[in-house]
$ cat input.cif   # mmCIF, C-alpha atoms
data_query
loop_
_atom_site.label_atom_id
_atom_site.label_comp_id
_atom_site.auth_asym_id
_atom_site.auth_seq_id
_atom_site.Cartn_x
_atom_site.Cartn_y
_atom_site.Cartn_z
CA ILE A 1 0.00 0.00 0.00
CA HIS A 2 1.19 3.49 -0.85
CA HIS A 3 4.59 2.17 -2.01
CA LEU A 4 5.74 5.33 -3.78
CA LEU A 5 4.41 7.53 -1.00
CA LEU A 6 6.30 5.52 1.60
CA GLN A 7 9.55 5.82 -0.34
CA LYS A 8 9.14 9.59 -0.41
CA MET A 9 8.23 9.87 3.29
CA SER A 10 11.31 7.94 4.40
CA SER A 11 13.62 10.68 3.14
CA LEU A 12 11.82 13.59 4.85
CA PRO A 13 13.38 15.59 7.70
CA LEU A 14 11.42 15.33 10.94
CA ASN A 15 11.43 19.05 11.84
CA GLY A 16 7.75 19.65 12.64
CA ALA A 17 6.81 16.91 10.19
CA ILE A 18 3.67 15.84 12.09
CA LEU A 19 1.19 18.62 12.89
CA GLY A 20 -1.82 18.11 15.14
CA MET A 21 -4.73 20.53 15.39
CA CYS A 22 -7.56 20.15 17.88
CA ASN A 23 -8.89 20.90 21.37
CA PRO A 24 -6.21 21.03 24.08
CA LEU A 25 -7.64 20.00 27.43
CA LEU A 26 -6.09 19.56 30.82
CA ASP A 27 -7.15 16.06 31.86
CA ILE A 28 -8.35 15.72 35.46
CA SER A 29 -8.12 12.00 36.03
CA SER A 30 -9.12 9.74 38.90
CA GLU A 31 -10.52 6.37 39.87
CA VAL A 32 -14.20 6.76 40.84
CA PRO A 33 -16.97 4.40 41.95
CA MET A 34 -19.83 3.52 39.60
CA GLU A 35 -22.15 5.59 41.78
CA PHE A 36 -20.28 8.73 40.71
CA LEU A 37 -20.75 7.95 37.01
CA GLU A 38 -24.42 7.13 37.58
CA LYS A 39 -24.96 10.38 39.49
CA TYR A 40 -23.97 12.39 36.41
CA GLY A 41 -25.51 10.04 33.86
CA VAL A 42 -22.27 9.03 32.12
CA THR A 43 -21.20 5.59 30.92
CA LEU A 44 -17.87 3.81 30.60
CA ASN A 45 -16.09 3.60 27.22
CA ASN A 46 -17.73 6.80 26.02
CA ALA A 47 -16.81 10.45 25.46
CA ILE A 48 -19.23 13.37 25.69
CA LEU A 49 -19.25 17.16 25.78
CA ALA A 50 -20.25 18.56 29.17
CA GLU A 51 -23.78 19.88 29.54
CA ASP A 52 -24.96 22.17 32.32
CA LYS A 53 -25.74 19.16 34.51
CA HIS A 54 -22.10 18.03 34.31
CA ILE A 55 -20.46 21.30 35.41
CA PRO A 56 -20.54 20.47 39.17
CA LEU A 57 -18.81 17.17 38.35
CA TYR A 58 -15.38 18.81 38.02
CA GLU A 59 -15.33 20.46 41.47
CA GLU A 60 -16.71 17.32 43.10
CA LEU A 61 -14.08 15.18 41.36
CA ILE A 62 -11.25 17.40 42.62
CA ALA A 63 -12.73 17.68 46.13
CA LYS A 64 -13.50 14.00 46.73
CA PHE A 65 -10.88 11.99 44.82
CA PRO A 66 -7.07 12.02 44.38
CA VAL A 67 -6.80 13.51 40.89
CA GLN A 68 -3.94 13.59 38.41
CA TYR A 69 -3.46 16.51 35.99
CA ILE A 70 -2.20 15.57 32.50
CA ALA A 71 -1.87 17.58 29.28
CA GLY A 72 -4.62 16.05 27.18
CA GLY A 73 -7.21 16.24 24.49
CA ALA A 74 -7.35 13.43 21.93
CA THR A 75 -5.08 14.91 19.27
CA LEU A 76 -2.56 16.29 21.75
CA ASN A 77 -2.33 12.78 23.24
CA SER A 78 -1.60 11.34 19.79
CA ILE A 79 1.01 13.98 18.95
CA ARG A 80 2.73 13.53 22.32
CA VAL A 81 2.94 9.78 21.74
CA ALA A 82 4.27 10.26 18.17
CA GLN A 83 6.90 12.65 19.55
CA TRP A 84 7.89 10.10 22.21
CA MET A 85 8.15 7.32 19.62
CA LEU A 86 10.27 9.46 17.29
CA GLY A 87 12.59 10.66 20.05
CA VAL A 88 13.84 13.73 18.14
CA PRO A 89 12.72 16.99 19.84
CA GLY A 90 10.67 19.22 17.58
CA SER A 91 9.52 16.41 15.27
CA THR A 92 5.92 17.41 15.96
CA ALA A 93 3.83 20.57 16.31
CA TYR A 94 0.39 21.37 17.67
CA PHE A 95 -2.34 24.01 17.24
CA GLY A 96 -5.16 24.69 19.70
CA ALA A 97 -6.64 27.35 21.96
CA VAL A 98 -6.14 27.77 25.72
CA GLY A 99 -7.00 30.41 28.29
CA GLU A 100 -4.51 32.85 29.79
CA ASP A 101 -4.42 30.98 33.10
CA SER A 102 -2.34 28.58 35.15
CA PHE A 103 -3.99 25.50 33.61
CA GLY A 104 -3.07 26.78 30.13
CA GLU A 105 0.51 27.42 31.21
CA LYS A 106 0.73 23.96 32.78
CA LEU A 107 -0.65 22.28 29.66
CA GLU A 108 1.71 24.15 27.33
CA GLN A 109 4.77 23.46 29.48
CA CYS A 110 3.96 19.75 29.81
CA ALA A 111 3.71 19.39 26.04
CA MET A 112 6.88 21.39 25.43
CA ASP A 113 8.71 19.22 27.96
CA ASP A 114 7.65 16.25 25.84
CA GLY A 115 9.38 17.85 22.83
CA LEU A 116 6.41 19.36 20.95
CA ARG A 117 6.38 22.75 19.23
CA MET A 118 3.27 24.42 20.66
CA VAL A 119 1.63 27.12 18.55
CA LEU A 120 -1.33 28.04 20.72
CA GLN A 121 -4.03 30.64 20.37
CA LYS A 122 -4.46 32.24 23.81
CA THR A 123 -7.88 33.61 24.69
CA SER A 124 -8.33 36.06 27.56
CA GLY A 125 -11.36 35.84 29.82
CA VAL A 126 -12.04 32.15 29.11
CA ALA A 127 -10.69 29.26 31.17
CA THR A 128 -8.50 26.57 29.65
CA GLY A 129 -10.56 23.53 28.68
CA THR A 130 -10.66 20.53 30.97
CA CYS A 131 -11.65 16.89 30.61
CA ALA A 132 -12.84 14.73 33.49
CA VAL A 133 -11.35 11.25 33.05
CA LEU A 134 -13.44 8.93 35.19
CA ILE A 135 -11.82 5.52 35.62
CA ASN A 136 -13.56 2.41 36.92
CA GLY A 137 -12.20 -1.11 36.59
CA GLY A 138 -9.56 -0.03 34.08
CA GLU A 139 -12.17 1.50 31.75
CA ARG A 140 -12.88 5.18 31.33
CA SER A 141 -15.54 7.78 30.68
CA LEU A 142 -14.58 11.22 29.34
CA VAL A 143 -16.53 14.42 29.99
CA ALA A 144 -15.00 17.39 28.17
CA ASN A 145 -15.65 21.03 29.02
CA LEU A 146 -14.07 22.74 25.99
CA ALA A 147 -14.15 26.32 27.36
CA ALA A 148 -11.16 28.10 25.72
CA ALA A 149 -10.57 25.20 23.33
CA ASN A 150 -13.87 26.18 21.74
CA THR A 151 -12.49 29.62 20.82
CA PHE A 152 -9.93 28.53 18.20
CA THR A 153 -10.38 30.46 14.95
CA ALA A 154 -8.95 30.23 11.46
CA ALA A 155 -7.46 33.71 12.03
CA HIS A 156 -4.76 32.04 14.17
CA LEU A 157 -3.55 30.24 11.04
CA GLU A 158 -2.55 33.61 9.58
CA THR A 159 0.08 34.20 12.26
CA ALA A 160 3.73 33.80 11.23
CA ASP A 161 4.32 30.88 13.63
CA ALA A 162 1.26 29.01 12.40
CA LYS A 163 2.14 29.53 8.73
CA ASP A 164 5.64 28.25 9.42
CA ALA A 165 4.31 25.16 11.22
CA VAL A 166 1.93 24.35 8.35
CA ALA A 167 4.70 24.82 5.80
CA LYS A 168 7.02 22.44 7.67
CA SER A 169 4.36 19.75 8.16
CA LYS A 170 4.17 16.60 6.04
CA ILE A 171 1.33 14.91 7.95
CA VAL A 172 -1.64 16.82 9.43
CA TYR A 173 -3.85 15.07 11.98
CA THR A 174 -7.13 16.16 13.57
CA SER A 175 -9.59 14.25 15.71
CA GLY A 176 -13.30 14.43 15.01
CA PHE A 177 -13.67 16.53 18.15
CA PHE A 178 -12.22 19.55 16.30
CA LEU A 179 -15.18 19.42 13.92
CA THR A 180 -17.27 20.88 16.76
CA VAL A 181 -14.99 23.92 16.93
CA SER A 182 -13.53 25.10 13.60
CA VAL A 183 -14.23 23.32 10.32
CA ASP A 184 -12.92 26.47 8.61
CA SER A 185 -9.49 25.84 10.13
CA ILE A 186 -9.48 22.26 8.83
CA LEU A 187 -10.41 23.45 5.33
CA ASN A 188 -7.72 26.13 5.46
CA VAL A 189 -4.97 23.67 6.33
CA CYS A 190 -6.31 21.00 3.95
CA LYS A 191 -5.80 23.39 1.03
CA SER A 192 -2.09 23.22 1.81
CA VAL A 193 -2.39 19.44 2.18
CA VAL A 194 -3.83 19.07 -1.33
CA GLU A 195 -1.60 21.67 -3.01
CA ASP A 196 1.63 20.30 -1.53
CA ASN A 197 0.70 16.59 -1.65
CA LYS A 198 0.79 16.21 2.13
CA ILE A 199 -1.12 13.60 4.13
CA TYR A 200 -4.28 14.42 6.10
CA CYS A 201 -5.44 12.02 8.81
CA LEU A 202 -8.83 12.15 10.53
CA ASN A 203 -10.31 10.31 13.51
CA LEU A 204 -14.04 9.74 13.99
CA SER A 205 -13.32 10.07 17.74
CA ALA A 206 -16.74 9.42 19.31
CA PRO A 207 -20.20 8.16 18.36
CA PHE A 208 -21.74 11.62 18.95
CA ILE A 209 -19.50 13.13 16.25
CA VAL A 210 -20.94 10.70 13.71
CA GLN A 211 -24.49 11.18 14.99
CA PHE A 212 -24.66 14.96 15.34
CA PHE A 213 -21.84 16.44 13.26
CA GLY A 214 -22.35 14.43 10.08
CA ASP A 215 -22.11 17.37 7.67
CA GLN A 216 -18.89 18.61 9.23
CA LEU A 217 -17.48 15.08 9.18
CA ALA A 218 -18.34 14.68 5.49
CA THR A 219 -16.59 17.98 4.72
CA ALA A 220 -13.36 16.84 6.38
CA MET A 221 -13.64 13.25 5.12
CA GLN A 222 -13.15 14.28 1.49
CA PHE A 223 -9.57 15.34 2.32
CA ALA A 224 -8.72 12.36 4.52
CA ASP A 225 -5.96 10.00 3.35
CA PHE A 226 -6.16 8.01 6.58
CA VAL A 227 -9.30 7.56 8.70
CA PHE A 228 -9.10 6.10 12.21
CA ALA A 229 -11.92 4.87 14.48
CA ASN A 230 -12.59 2.35 17.20
CA GLU A 231 -15.24 -0.34 16.90
CA SER A 232 -18.06 1.63 18.53
CA GLU A 233 -17.44 4.71 16.37
CA ALA A 234 -17.22 2.54 13.25
CA ALA A 235 -20.45 0.72 14.15
CA THR A 236 -22.22 4.04 14.70
CA TYR A 237 -21.02 5.27 11.31
CA GLY A 238 -22.40 2.12 9.69
CA GLU A 239 -25.72 2.55 11.46
CA VAL A 240 -26.10 6.26 10.65
CA LYS A 241 -25.08 5.83 7.01
CA GLY A 242 -27.08 2.66 6.44
CA LEU A 243 -23.98 0.57 5.73
CA GLY A 244 -24.91 -2.35 7.97
CA SER A 245 -23.04 -3.65 11.00
CA ASP A 246 -20.12 -5.56 9.42
CA LEU A 247 -17.02 -3.55 10.30
CA PRO A 248 -14.83 -4.69 7.36
CA THR A 249 -17.63 -3.69 4.97
CA ILE A 250 -17.98 -0.29 6.67
CA ALA A 251 -14.22 0.23 6.41
CA LEU A 252 -14.28 -0.55 2.68
CA LYS A 253 -17.19 1.85 2.13
CA ILE A 254 -15.37 4.69 3.89
CA ALA A 255 -12.19 3.94 1.95
CA ALA A 256 -14.16 4.25 -1.30
CA LEU A 257 -15.74 7.63 -0.51
CA PRO A 258 -14.75 10.47 -2.89
CA LYS A 259 -11.46 12.26 -2.20
CA ALA A 260 -10.45 15.84 -2.88
CA SER A 261 -6.99 14.63 -3.81
CA GLY A 262 -6.84 11.70 -6.20
CA CYS A 263 -3.12 11.02 -5.96
CA ARG A 264 -3.41 8.26 -3.34
CA PRO A 265 -6.06 5.80 -2.09
CA ARG A 266 -7.66 6.28 1.33
CA VAL A 267 -6.64 3.92 4.13
CA VAL A 268 -9.19 3.17 6.87
CA VAL A 269 -8.05 1.79 10.22
CA PHE A 270 -10.46 0.41 12.85
CA THR A 271 -9.11 -0.60 16.25
CA GLN A 272 -11.11 -3.03 18.41
CA GLY A 273 -9.39 -3.03 21.78
CA ALA A 274 -7.87 -6.47 22.31
CA ASP A 275 -9.41 -7.77 19.07
CA SER A 276 -7.70 -7.55 15.68
CA THR A 277 -7.19 -4.16 14.02
CA ILE A 278 -8.90 -3.80 10.64
CA VAL A 279 -7.22 -1.99 7.73
CA ALA A 280 -9.06 -1.33 4.46
CA CYS A 281 -7.61 0.10 1.25
CA CYS A 282 -8.08 -0.40 -2.50
CA GLY A 283 -10.98 -2.81 -2.02
CA LYS A 284 -9.00 -5.11 0.29
CA VAL A 285 -9.27 -5.71 4.03
CA THR A 286 -6.35 -6.88 6.16
CA THR A 287 -6.51 -7.71 9.86
CA PHE A 288 -3.69 -7.45 12.38
CA ALA A 289 -3.84 -9.40 15.64
CA VAL A 290 -3.28 -7.61 18.94
CA ASP A 291 -0.94 -9.05 21.54
CA ALA A 292 -3.46 -9.08 24.38
CA LEU A 293 -2.42 -7.68 27.74
CA PRO A 294 -3.09 -9.82 30.84
CA LYS A 295 -6.01 -8.32 32.77
CA HIS A 296 -3.95 -7.73 35.91
CA GLN A 297 -1.59 -5.43 33.97
CA LEU A 298 -4.40 -3.20 32.70
CA VAL A 299 -4.47 0.11 34.59
CA ASP A 300 -6.40 2.60 32.44
CA THR A 301 -7.71 2.46 28.86
CA ASN A 302 -7.84 6.27 28.62
CA GLY A 303 -5.75 7.35 25.64
CA ALA A 304 -5.35 3.87 24.15
CA GLY A 305 -6.86 4.87 20.81
CA ASP A 306 -4.97 8.16 20.81
CA ALA A 307 -1.73 6.29 21.51
CA PHE A 308 -2.41 3.90 18.64
CA VAL A 309 -2.63 6.83 16.23
CA GLY A 310 0.54 8.37 17.64
CA GLY A 311 2.47 5.15 17.20
CA PHE A 312 1.04 4.66 13.70
CA LEU A 313 1.99 8.18 12.56
CA SER A 314 5.50 7.89 14.03
CA GLN A 315 6.25 5.12 11.53
CA LEU A 316 4.22 6.52 8.63
CA ILE A 317 6.35 9.67 8.63
CA GLN A 318 9.43 7.47 8.35
CA GLY A 319 8.11 5.70 5.28
CA LYS A 320 7.38 2.37 6.96
CA GLU A 321 4.88 -0.13 5.57
CA ILE A 322 1.32 -0.10 6.92
CA SER A 323 1.92 -3.35 8.81
CA GLU A 324 4.78 -1.68 10.69
CA CYS A 325 2.66 1.39 11.39
CA VAL A 326 -0.01 -0.85 12.93
CA ARG A 327 2.61 -2.73 14.97
CA ALA A 328 3.84 0.59 16.37
CA GLY A 329 0.27 1.60 17.14
CA HIS A 330 -0.31 -1.62 19.05
CA PHE A 331 2.97 -1.11 20.95
CA ALA A 332 2.04 2.44 21.97
CA SER A 333 -1.46 1.44 23.09
CA ARG A 334 -0.08 -1.45 25.13
CA GLU A 335 2.36 0.89 26.90
CA ILE A 336 -0.26 3.53 27.68
CA ILE A 337 -2.90 1.20 29.15
CA GLN A 338 -0.41 -0.06 31.72
CA ARG A 339 -0.17 3.46 33.18
CA SER A 340 -2.57 6.01 34.58
CA GLY A 341 -3.64 8.54 31.95
CA CYS A 342 -1.98 9.04 28.59
CA THR A 343 1.54 8.90 30.01
CA PHE A 344 4.61 6.95 29.00
CA PRO A 345 8.11 6.03 30.22
CA LYS A 346 10.93 8.51 29.62
CA GLU A 347 12.54 6.29 27.00
CA CYS A 348 10.76 4.50 24.16
CA ASN A 349 12.05 0.98 23.55
CA PHE A 350 10.11 0.24 20.37
CA VAL A 351 12.27 -1.66 17.87
#
$ encode --input "input.cif" --output "C-alpha cells"
Amino acid sequence: IHHLLLQKMSSLPLNGAILGMCNPLLDISSEVPMEFLEKYGVTLNNAILAEDKHIPLYEELIAKFPVQYIAGGATLNSIRVAQWMLGVPGSTAYFGAVGEDSFGEKLEQCAMDDGLRMVLQKTSGVATGTCAVLINGGERSLVANLAAANTFTAAHLETADAKDAVAKSKIVYTSGFFLTVSVDSILNVCKSVVEDNKIYCLNLSAPFIVQFFGDQLATAMQFADFVFANESEAATYGEVKGLGSDLPTIALKIAALPKASGCRPRVVVFTQGADSTIVACCGKVTTFAVDALPKHQLVDTNGAGDAFVGGFLSQLIQGKEISECVRAGHFASREIIQRSGCTFPKECNFV
C-alpha cells in the first residue's frame, strides 16, 4: 500500500513533520466508583461534551478523589505519543486554543517538555478547557468542558508561527472533536495538504460526532488520506449511514468515498481493543492481531486509541509499511494502558 508515498516519506526531515490541530484539554483523572458515574448520567467507554448538569462534576471530582493533571485532548495525546516514539525533539507541532491561566501554562509546558512545538491561540477571559477522566475497573468515561478550546479560529492560522508550522508539516492530523470547533481551520490547512501533496489524517473520535456532526465530518472526510476509528465509532457510522453492521464492509465503504486529492487511495483503520485491528484500502481488508495484555496489567484504557494513532503516525512519517505502522500503534497502546492517563516512560524501547 502506498509504495511510492512511503519511499518519499522515508527521506523527509522530521522538523515539525507531524502537525496536530484540535482541542487542548487539561485532563483531570481519577478512579471513581460507579455511583459517581451514575450520578452524572455518564457511561464507561464513552466520550461526551459537558452539559450544564455536568459542570458540578469537576469540582466534586477534585474535592473528593485524588486527581492527576495531564496535558490532554485526543489529538494532543496522539502527537505527544508520536513525539515520544520518534525521540527527536521538535519532530511534531500542535495548534489549539487555551486560556490565559495557570492551567493553560501547565498544559503548554507539559507538552513542550515532551518535545512538541506548541503554537497556541491564547484567549483572555475564558478558562483553559478541561476533561474529566473517570476511571472504573480499568475503563474510562470522558466528559469534556471545551471552554477556551472552543475559541480557536482560522485567524490564528494567519500568524507567522502558524504559517511556518503548516509549511514544515508533512502529515496533518485532527480528531473528530475539532469538527465541533472550527471546520474552517481544517479546510484552510487542507488546502495546503492538497496543493503540496501532504497527508491528512482524521479520527471519527466518538459516536456523537458521527451522529450529530455528520455534515462537518463529510466535509473533512473528502480530504482524509487516513481515517481512524474504534469499533463503537465505526459501528455508529455504519448505522447512521445505512452501511450495515459488518465492520470490514464499513471500512471498505469509507475507503471508497470520494477524495479531494486523487493522488493516493484512502486507508481506513479500525481498532477493536484487544481484538484484531482492521485496515481497508483499494478494495481489500487486512486484519492485524493484537498481543493481548493480561487483565492484571491493565491500569487505564484512557488514551489507548490516541496512543495507537501516535504510534502509527511515528512510523508513517518514516516511510514504513502499513503493517509496521499498525505494529507501532499496538505497541504504543499497550504501553499507555499499563499506566494512569496518557503517560509513558521517559525512554521509548520500540524496535
$ closest_residue --input "input.cif" --among "A:Ile28, A:Ala229, A:Val279, A:Ile18" --to "Thr249 of chain A" --atoms "only C-alpha atoms"
A:Val279
$ residues_around --input "input.cif" --residues "segment 83-85 of chain A" --least-positions-apart "6" --cutoff "7 Å" --atoms "all atoms listed in the file" --output "list in words"
Ser91, Thr92, Gly115, Leu116, Gly311, Ser314 and Cys348 of chain A
$ closest_residue --input "input.cif" --among "A:Ala274, A:Ala63, A:Leu247, A:Ile186" --to "Gln216 of chain A" --atoms "all atoms listed in the file"
A:Ile186
$ resolve_selection --input "input.cif" --expression "the PyMOL selection byres ((chain A and resi 196-201) around 6)" --output "list of chain:residue names"
A:Lys170, A:Ile171, A:Val172, A:Tyr173, A:Ser192, A:Val193, A:Val194, A:Glu195, A:Leu202, A:Ala224, A:Asp225, A:Phe226, A:Val227
$ residues_near_point --input "input.cif" --point "(-17.8, 17.6, 28.4)" --cutoff "9 Å" --atoms "only C-alpha atoms" --output "PDB file with C-alpha atoms, keeping the file's coordinate frame"
ATOM      1  CA  ALA A  47     -16.810  10.450  25.460  1.00  0.00           C
ATOM      2  CA  ILE A  48     -19.230  13.370  25.690  1.00  0.00           C
ATOM      3  CA  LEU A  49     -19.250  17.160  25.780  1.00  0.00           C
ATOM      4  CA  ALA A  50     -20.250  18.560  29.170  1.00  0.00           C
ATOM      5  CA  GLU A  51     -23.780  19.880  29.540  1.00  0.00           C
ATOM      6  CA  HIS A  54     -22.100  18.030  34.310  1.00  0.00           C
ATOM      7  CA  ILE A  55     -20.460  21.300  35.410  1.00  0.00           C
ATOM      8  CA  THR A 130     -10.660  20.530  30.970  1.00  0.00           C
ATOM      9  CA  CYS A 131     -11.650  16.890  30.610  1.00  0.00           C
ATOM     10  CA  ALA A 132     -12.840  14.730  33.490  1.00  0.00           C
ATOM     11  CA  LEU A 142     -14.580  11.220  29.340  1.00  0.00           C
ATOM     12  CA  VAL A 143     -16.530  14.420  29.990  1.00  0.00           C
ATOM     13  CA  ALA A 144     -15.000  17.390  28.170  1.00  0.00           C
ATOM     14  CA  ASN A 145     -15.650  21.030  29.020  1.00  0.00           C
ATOM     15  CA  LEU A 146     -14.070  22.740  25.990  1.00  0.00           C
TER      16      LEU A 146
END
$ resolve_selection --input "input.cif" --expression "the PyMOL selection byres ((chain A and resi 29) around 10)" --output "PyMOL selection string"
chain A and resi 26-28+30-32+61-62+65-70+131-135+140+142+302+340-341
$ write_last_selection --input "input.cif" --atoms "C-alpha atoms" --output "PDB file, in the frame of the given file"
ATOM      1  CA  LEU A  26      -6.090  19.560  30.820  1.00  0.00           C
ATOM      2  CA  ASP A  27      -7.150  16.060  31.860  1.00  0.00           C
ATOM      3  CA  ILE A  28      -8.350  15.720  35.460  1.00  0.00           C
ATOM      4  CA  SER A  30      -9.120   9.740  38.900  1.00  0.00           C
ATOM      5  CA  GLU A  31     -10.520   6.370  39.870  1.00  0.00           C
ATOM      6  CA  VAL A  32     -14.200   6.760  40.840  1.00  0.00           C
ATOM      7  CA  LEU A  61     -14.080  15.180  41.360  1.00  0.00           C
ATOM      8  CA  ILE A  62     -11.250  17.400  42.620  1.00  0.00           C
ATOM      9  CA  PHE A  65     -10.880  11.990  44.820  1.00  0.00           C
ATOM     10  CA  PRO A  66      -7.070  12.020  44.380  1.00  0.00           C
ATOM     11  CA  VAL A  67      -6.800  13.510  40.890  1.00  0.00           C
ATOM     12  CA  GLN A  68      -3.940  13.590  38.410  1.00  0.00           C
ATOM     13  CA  TYR A  69      -3.460  16.510  35.990  1.00  0.00           C
ATOM     14  CA  ILE A  70      -2.200  15.570  32.500  1.00  0.00           C
ATOM     15  CA  CYS A 131     -11.650  16.890  30.610  1.00  0.00           C
ATOM     16  CA  ALA A 132     -12.840  14.730  33.490  1.00  0.00           C
ATOM     17  CA  VAL A 133     -11.350  11.250  33.050  1.00  0.00           C
ATOM     18  CA  LEU A 134     -13.440   8.930  35.190  1.00  0.00           C
ATOM     19  CA  ILE A 135     -11.820   5.520  35.620  1.00  0.00           C
ATOM     20  CA  ARG A 140     -12.880   5.180  31.330  1.00  0.00           C
ATOM     21  CA  LEU A 142     -14.580  11.220  29.340  1.00  0.00           C
ATOM     22  CA  ASN A 302      -7.840   6.270  28.620  1.00  0.00           C
ATOM     23  CA  SER A 340      -2.570   6.010  34.580  1.00  0.00           C
ATOM     24  CA  GLY A 341      -3.640   8.540  31.950  1.00  0.00           C
TER      25      GLY A 341
END
$ closest_residue --input "input.cif" --among "A:Ser333, A:Cys263, A:Ala74, A:Arg117" --to "Leu298 of chain A" --atoms "all atoms listed in the file"
A:Ser333
$ atom_distance --input "input.cif" --atom1 "atom CA of Val267 of chain A" --atom2 "atom CA of Cys281 of chain A"
4.9 Å
$ resolve_selection --input "input.cif" --expression "the PyMOL selection byres ((chain A and resi 121) around 10)" --output "PDB file with C-alpha atoms, keeping the file's coordinate frame"
ATOM      1  CA  PHE A  95      -2.340  24.010  17.240  1.00  0.00           C
ATOM      2  CA  GLY A  96      -5.160  24.690  19.700  1.00  0.00           C
ATOM      3  CA  ALA A  97      -6.640  27.350  21.960  1.00  0.00           C
ATOM      4  CA  VAL A  98      -6.140  27.770  25.720  1.00  0.00           C
ATOM      5  CA  GLY A  99      -7.000  30.410  28.290  1.00  0.00           C
ATOM      6  CA  GLU A 100      -4.510  32.850  29.790  1.00  0.00           C
ATOM      7  CA  MET A 118       3.270  24.420  20.660  1.00  0.00           C
ATOM      8  CA  VAL A 119       1.630  27.120  18.550  1.00  0.00           C
ATOM      9  CA  LEU A 120      -1.330  28.040  20.720  1.00  0.00           C
ATOM     10  CA  LYS A 122      -4.460  32.240  23.810  1.00  0.00           C
ATOM     11  CA  THR A 123      -7.880  33.610  24.690  1.00  0.00           C
ATOM     12  CA  SER A 124      -8.330  36.060  27.560  1.00  0.00           C
ATOM     13  CA  ALA A 148     -11.160  28.100  25.720  1.00  0.00           C
ATOM     14  CA  ALA A 149     -10.570  25.200  23.330  1.00  0.00           C
ATOM     15  CA  THR A 151     -12.490  29.620  20.820  1.00  0.00           C
ATOM     16  CA  PHE A 152      -9.930  28.530  18.200  1.00  0.00           C
ATOM     17  CA  THR A 153     -10.380  30.460  14.950  1.00  0.00           C
ATOM     18  CA  ALA A 155      -7.460  33.710  12.030  1.00  0.00           C
ATOM     19  CA  HIS A 156      -4.760  32.040  14.170  1.00  0.00           C
ATOM     20  CA  LEU A 157      -3.550  30.240  11.040  1.00  0.00           C
ATOM     21  CA  THR A 159       0.080  34.200  12.260  1.00  0.00           C
ATOM     22  CA  ALA A 162       1.260  29.010  12.400  1.00  0.00           C
TER      23      ALA A 162
END
$ residues_around --input "input.cif" --residues "Asn77 of chain A" --least-positions-apart "6" --cutoff "8 Å" --atoms "only C-alpha atoms" --output "list in words"
Ala71, Gly303, Asp306, Ala307, Gly310 and Cys342 of chain A
$ atom_distance --input "input.cif" --atom1 "atom CA of Asn136 of chain A" --atom2 "atom CA of Thr180 of chain A"
27.6 Å
$ closest_residue --input "input.cif" --among "A:Asp300, A:Glu239, A:Asp184, A:Asp291" --to "Arg327 of chain A" --atoms "only C-alpha atoms"
A:Asp291
$ atom_distance --input "input.cif" --atom1 "atom CA of Phe350 of chain A" --atom2 "atom CA of Gly329 of chain A"
10.4 Å
$ residues_around --input "input.cif" --residues "Pro248 of chain A" --least-positions-apart "2" --cutoff "9 Å" --atoms "only C-alpha atoms" --output "list in words"
Asp246, Ile250, Ala251, Leu252, Lys253, Phe270, Ile278, Val279, Ala280, Val285 and Thr286 of chain A
$ closest_residue --input "input.cif" --among "A:Leu14, A:Leu204, A:Ile337, A:Leu293" --to "Ala218 of chain A" --atoms "all atoms listed in the file"
A:Leu204
$ residues_near_point --input "input.cif" --point "(-20.9, 10.2, 21.3)" --cutoff "12 Å" --atoms "all atoms listed in the file" --output "PyMOL selection string"
chain A and resi 42-50+141-144+176-177+204-213+232-237
$ closest_residue --input "input.cif" --among "A:Gly73, A:Thr343, A:Ala328, A:Ser169" --to "Leu313 of chain A" --atoms "all atoms listed in the file"
A:Ala328
$ build_atoms --input "input.cif" --residues "segment 315-326 of chain A" --atoms "N, CA and C atoms" --output "PDB file, in the frame of the given file"
ATOM      1  N   GLN A 315       5.607   5.981  12.541  1.00  0.00           N
ATOM      2  CA  GLN A 315       6.250   5.120  11.530  1.00  0.00           C
ATOM      3  C   GLN A 315       5.862   5.554  10.119  1.00  0.00           C
ATOM      4  N   LEU A 316       4.646   6.045   9.952  1.00  0.00           N
ATOM      5  CA  LEU A 316       4.220   6.520   8.630  1.00  0.00           C
ATOM      6  C   LEU A 316       5.138   7.638   8.140  1.00  0.00           C
ATOM      7  N   ILE A 317       5.498   8.547   9.029  1.00  0.00           N
ATOM      8  CA  ILE A 317       6.350   9.670   8.630  1.00  0.00           C
ATOM      9  C   ILE A 317       7.747   9.202   8.249  1.00  0.00           C
ATOM     10  N   GLN A 318       8.115   8.018   8.690  1.00  0.00           N
ATOM     11  CA  GLN A 318       9.430   7.470   8.350  1.00  0.00           C
ATOM     12  C   GLN A 318       9.382   6.539   7.134  1.00  0.00           C
ATOM     13  N   GLY A 319       8.204   6.486   6.500  1.00  0.00           N
ATOM     14  CA  GLY A 319       8.110   5.700   5.280  1.00  0.00           C
ATOM     15  C   GLY A 319       7.946   4.217   5.486  1.00  0.00           C
ATOM     16  N   LYS A 320       7.527   3.803   6.684  1.00  0.00           N
ATOM     17  CA  LYS A 320       7.380   2.370   6.960  1.00  0.00           C
ATOM     18  C   LYS A 320       6.085   1.832   6.325  1.00  0.00           C
ATOM     19  N   GLU A 321       6.068   0.523   6.101  1.00  0.00           N
ATOM     20  CA  GLU A 321       4.880  -0.130   5.570  1.00  0.00           C
ATOM     21  C   GLU A 321       3.728  -0.054   6.570  1.00  0.00           C
ATOM     22  N   ILE A 322       2.504  -0.201   6.066  1.00  0.00           N
ATOM     23  CA  ILE A 322       1.320  -0.100   6.920  1.00  0.00           C
ATOM     24  C   ILE A 322       1.367  -1.129   8.049  1.00  0.00           C
ATOM     25  N   SER A 323       1.838  -2.317   7.773  1.00  0.00           N
ATOM     26  CA  SER A 323       1.920  -3.350   8.810  1.00  0.00           C
ATOM     27  C   SER A 323       2.807  -2.894   9.972  1.00  0.00           C
ATOM     28  N   GLU A 324       3.878  -2.189   9.656  1.00  0.00           N
ATOM     29  CA  GLU A 324       4.780  -1.680  10.690  1.00  0.00           C
ATOM     30  C   GLU A 324       4.144  -0.512  11.447  1.00  0.00           C
ATOM     31  N   CYS A 325       3.391   0.302  10.742  1.00  0.00           N
ATOM     32  CA  CYS A 325       2.660   1.390  11.390  1.00  0.00           C
ATOM     33  C   CYS A 325       1.657   0.838  12.400  1.00  0.00           C
ATOM     34  N   VAL A 326       0.948  -0.223  12.019  1.00  0.00           N
ATOM     35  CA  VAL A 326      -0.010  -0.850  12.930  1.00  0.00           C
ATOM     36  C   VAL A 326       0.710  -1.467  14.126  1.00  0.00           C
TER      37      VAL A 326
END
